[in-house]
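First up is the structure itself, then whatever we jot down about it.
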Amino acid sequence: MKSEGVVNLDLKASISAADLALLKSLVGSCRRLGMFFYPNMLARYKEADLPSFVWVGIEEVKRFNIALFKFCAKLSSSSREERPLLPASELQFPLPSSNPLWNSVERDEWEANWKEESMVSLNDDFQGKWISKFADVLEFLGL
C-alpha cells in the first residue's frame with residue numbers, strides 16, 4: 001500500500017509532489033481568473049439579480065478562497081518554501097459574512113437570518129475590510 005500521509009510523524013502537513021503541483025496550478029488559475037479580488041466577484045452580477053443569489057455566489061467564492069488560503073498556509077508552514085503559496089496579501093476581499101445564514105437549512109431559518117444580513121452592494125468593494133489589509137497580522141500569527 002502506497003503511503004501518501006497527510007500528516008508526518010512530526011505532525012506537519014504534507015502532500016505528494018504531484019498533488020503539490022496540482023495545488024500550485026489551482027492557485028495560479030485562481031490568480032489568473034481574479035478570484036482573490038473582490039471587485040471581480042462583484043462584476044459577475046448586475047443590479048437586477050436577486051440579492052440572495054448575489055450573496056450566495058459571492059459567499060461561496062470567498063469561502064472557497066479562505067479554505068484554499070488555510071490549506072496553503074498549513075502546507076507552507078511545514079515546508080521550506082520561502083514564500084507562501086498563497087499569501088494573505090493577495091486576499092483582496094472581506095471575510096465571509098453571516099455563518100448563521102450560510103448554515104441555514106430550512107426556509108424559515110434562512111428568512112430569519114436573511115433579515116439580519118446586510119445586502120451586498122455592487123457599488124461598494126469594502127476595501128477597508130479586505131483581508132490583505134491585515135496580512136501583516138496574519139503572517140505574524142503564522143497564517
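Letters A, B, ... mark the chains of the C-alpha cells in the order given; residue numbers begin at 1 per chain; ligand numbers begin at 1, in order shown.
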Using DSSP secondary structure from the backbone, list all alpha helix (DSSP H) positions within stretch 36-86 of chain A, as a VMD selection string. chain A and resid 38 to 43 51 to 77
Nearby residues (only C-alpha atoms) at most 10 Å from A:Pro96, same-chain spacing under 6 positions excluded, as number ranges by chain: A: 58-66, 102
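Remark: for A:Ser14, the closest of the candidate residues A:Phe126, A:Phe71, A:Trp110, A:Phe36 is A:Phe71 (distances computed over only C-alpha atoms).
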Contacts of A:Val120 at 8 Å (only C-alpha atoms; same-chain gap of 5+ positions) as a PyMOL selection string: chain A and resi 51+54-55
Would you mind exporting the chosen residues as a PDB file, in the first residue's frame, restricted to all heavy atoms?
```
ATOM      1  N   PRO A  51     -31.013  39.549  -4.804  1.00  0.00           N
ATOM      2  CA  PRO A  51     -29.992  39.784  -3.770  1.00  0.00           C
ATOM      3  C   PRO A  51     -29.493  38.515  -3.086  1.00  0.00           C
ATOM      4  O   PRO A  51     -28.289  38.381  -2.820  1.00  0.00           O
ATOM      5  CB  PRO A  51     -30.703  40.712  -2.777  1.00  0.00           C
ATOM      6  CG  PRO A  51     -31.735  41.406  -3.591  1.00  0.00           C
ATOM      7  CD  PRO A  51     -32.192  40.392  -4.615  1.00  0.00           C
ATOM      8  N   VAL A  54     -27.007  36.797  -5.363  1.00  0.00           N
ATOM      9  CA  VAL A  54     -25.724  37.514  -5.369  1.00  0.00           C
ATOM     10  C   VAL A  54     -24.954  37.185  -4.088  1.00  0.00           C
ATOM     11  O   VAL A  54     -23.762  36.864  -4.141  1.00  0.00           O
ATOM     12  CB  VAL A  54     -25.947  39.038  -5.503  1.00  0.00           C
ATOM     13  CG1 VAL A  54     -24.636  39.792  -5.351  1.00  0.00           C
ATOM     14  CG2 VAL A  54     -26.605  39.365  -6.842  1.00  0.00           C
ATOM     15  N   TRP A  55     -25.642  37.231  -2.945  1.00  0.00           N
ATOM     16  CA  TRP A  55     -24.981  36.979  -1.675  1.00  0.00           C
ATOM     17  C   TRP A  55     -24.376  35.578  -1.649  1.00  0.00           C
ATOM     18  O   TRP A  55     -23.219  35.394  -1.284  1.00  0.00           O
ATOM     19  CB  TRP A  55     -25.962  37.162  -0.513  1.00  0.00           C
ATOM     20  CG  TRP A  55     -25.310  36.995   0.814  1.00  0.00           C
ATOM     21  CD1 TRP A  55     -24.639  37.951   1.531  1.00  0.00           C
ATOM     22  CD2 TRP A  55     -25.220  35.787   1.579  1.00  0.00           C
ATOM     23  NE1 TRP A  55     -24.149  37.401   2.696  1.00  0.00           N
ATOM     24  CE2 TRP A  55     -24.499  36.073   2.748  1.00  0.00           C
ATOM     25  CE3 TRP A  55     -25.694  34.498   1.396  1.00  0.00           C
ATOM     26  CZ2 TRP A  55     -24.229  35.120   3.727  1.00  0.00           C
ATOM     27  CZ3 TRP A  55     -25.428  33.531   2.360  1.00  0.00           C
ATOM     28  CH2 TRP A  55     -24.704  33.860   3.512  1.00  0.00           C
TER      29      TRP A  55
END
```
Closest to A:Leu68 among A:Gly128, A:Glu109, A:Asn40, A:Gly28, using only C-alpha atoms? A:Gly28
Test item: residues at most 7 Å from stretch 129-135 of chain A, only C-alpha atoms, excluding those fewer than 3 positions along its chain, as a list in words: Ala88, Ser89, Glu90, Leu91, Gln92, Phe93, Pro94, Leu95, Phe126, Leu138 and Glu139 of chain A
Those residues with C-alpha atoms, as a CSV table (one decimal), in the first residue's frame please?
```csv
chain,number,residue,atom,x,y,z
A,88,ALA,CA,-2.7,36.8,2.8
A,89,SER,CA,-1.6,39.9,1.0
A,90,GLU,CA,-3.3,38.5,-2.1
A,91,LEU,CA,-6.7,38.1,-0.5
A,92,GLN,CA,-8.3,41.4,-1.6
A,93,PHE,CA,-11.8,40.8,-0.3
A,94,PRO,CA,-13.6,41.0,3.0
A,95,LEU,CA,-14.1,37.9,5.3
A,126,PHE,CA,-15.5,47.2,1.1
A,138,LEU,CA,-2.0,37.1,9.8
A,139,GLU,CA,1.6,36.4,8.9
```
Tell me which of A:Leu23, A:Ala48, A:Ala112, A:Ala18 sits closest to A:Cys72, counting only C-alpha atoms. A:Leu23
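For A:Glu117, the set of protein, DNA and RNA residues having any atom at most 7 Å away, when counting only C-alpha atoms and skipping those fewer than 3 positions along the same chain, is Ser98, Asn113 and Trp114 of chain A.
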Generate the output file for the selected residues, all heavy atoms, as an mmCIF file, in the first residue's frame.
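The new file part-v1.cif reads:
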```cif
data_model
loop_
_atom_site.group_PDB
_atom_site.id
_atom_site.type_symbol
_atom_site.label_atom_id
_atom_site.label_comp_id
_atom_site.auth_asym_id
_atom_site.auth_seq_id
_atom_site.Cartn_x
_atom_site.Cartn_y
_atom_site.Cartn_z
ATOM 1 N N SER A 98 -21.896 36.257 7.984
ATOM 2 C CA SER A 98 -23.075 35.556 8.474
ATOM 3 C C SER A 98 -23.020 34.033 8.385
ATOM 4 O O SER A 98 -23.652 33.426 7.532
ATOM 5 C CB SER A 98 -24.334 36.061 7.765
ATOM 6 O OG SER A 98 -25.479 35.526 8.375
ATOM 7 N N ASN A 113 -32.547 34.607 9.265
ATOM 8 C CA ASN A 113 -31.152 35.048 9.220
ATOM 9 C C ASN A 113 -30.907 36.072 8.117
ATOM 10 O O ASN A 113 -30.032 36.922 8.241
ATOM 11 C CB ASN A 113 -30.215 33.847 9.056
ATOM 12 C CG ASN A 113 -30.142 33.012 10.304
ATOM 13 O OD1 ASN A 113 -30.087 33.534 11.410
ATOM 14 N ND2 ASN A 113 -30.172 31.712 10.144
ATOM 15 N N TRP A 114 -31.675 35.986 7.039
ATOM 16 C CA TRP A 114 -31.502 36.929 5.928
ATOM 17 C C TRP A 114 -31.836 38.335 6.381
ATOM 18 O O TRP A 114 -31.199 39.298 5.975
ATOM 19 C CB TRP A 114 -32.366 36.526 4.734
ATOM 20 C CG TRP A 114 -32.237 37.481 3.595
ATOM 21 C CD1 TRP A 114 -33.162 38.389 3.171
ATOM 22 C CD2 TRP A 114 -31.109 37.645 2.727
ATOM 23 N NE1 TRP A 114 -32.688 39.102 2.100
ATOM 24 C CE2 TRP A 114 -31.410 38.665 1.809
ATOM 25 C CE3 TRP A 114 -29.861 37.042 2.656
ATOM 26 C CZ2 TRP A 114 -30.528 39.084 0.824
ATOM 27 C CZ3 TRP A 114 -28.975 37.458 1.668
ATOM 28 C CH2 TRP A 114 -29.314 38.461 0.769
#
```
A:Asp124 surroundings by only C-alpha atoms, 10 Å radius, close-in-sequence under 5 positions cut, as a VMD selection string: chain A and resid 38 to 39 42
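As for atom CA of A:Met41 and atom CA of A:Asp125, they are spaced 9.5 Å apart.
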Any idea what the distance is between atom CA of A:Ala21 and atom CA of A:Met35?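 If I compute the distance from atom CA of A:Ala21 to atom CA of A:Met35, I get 19.3 Å.
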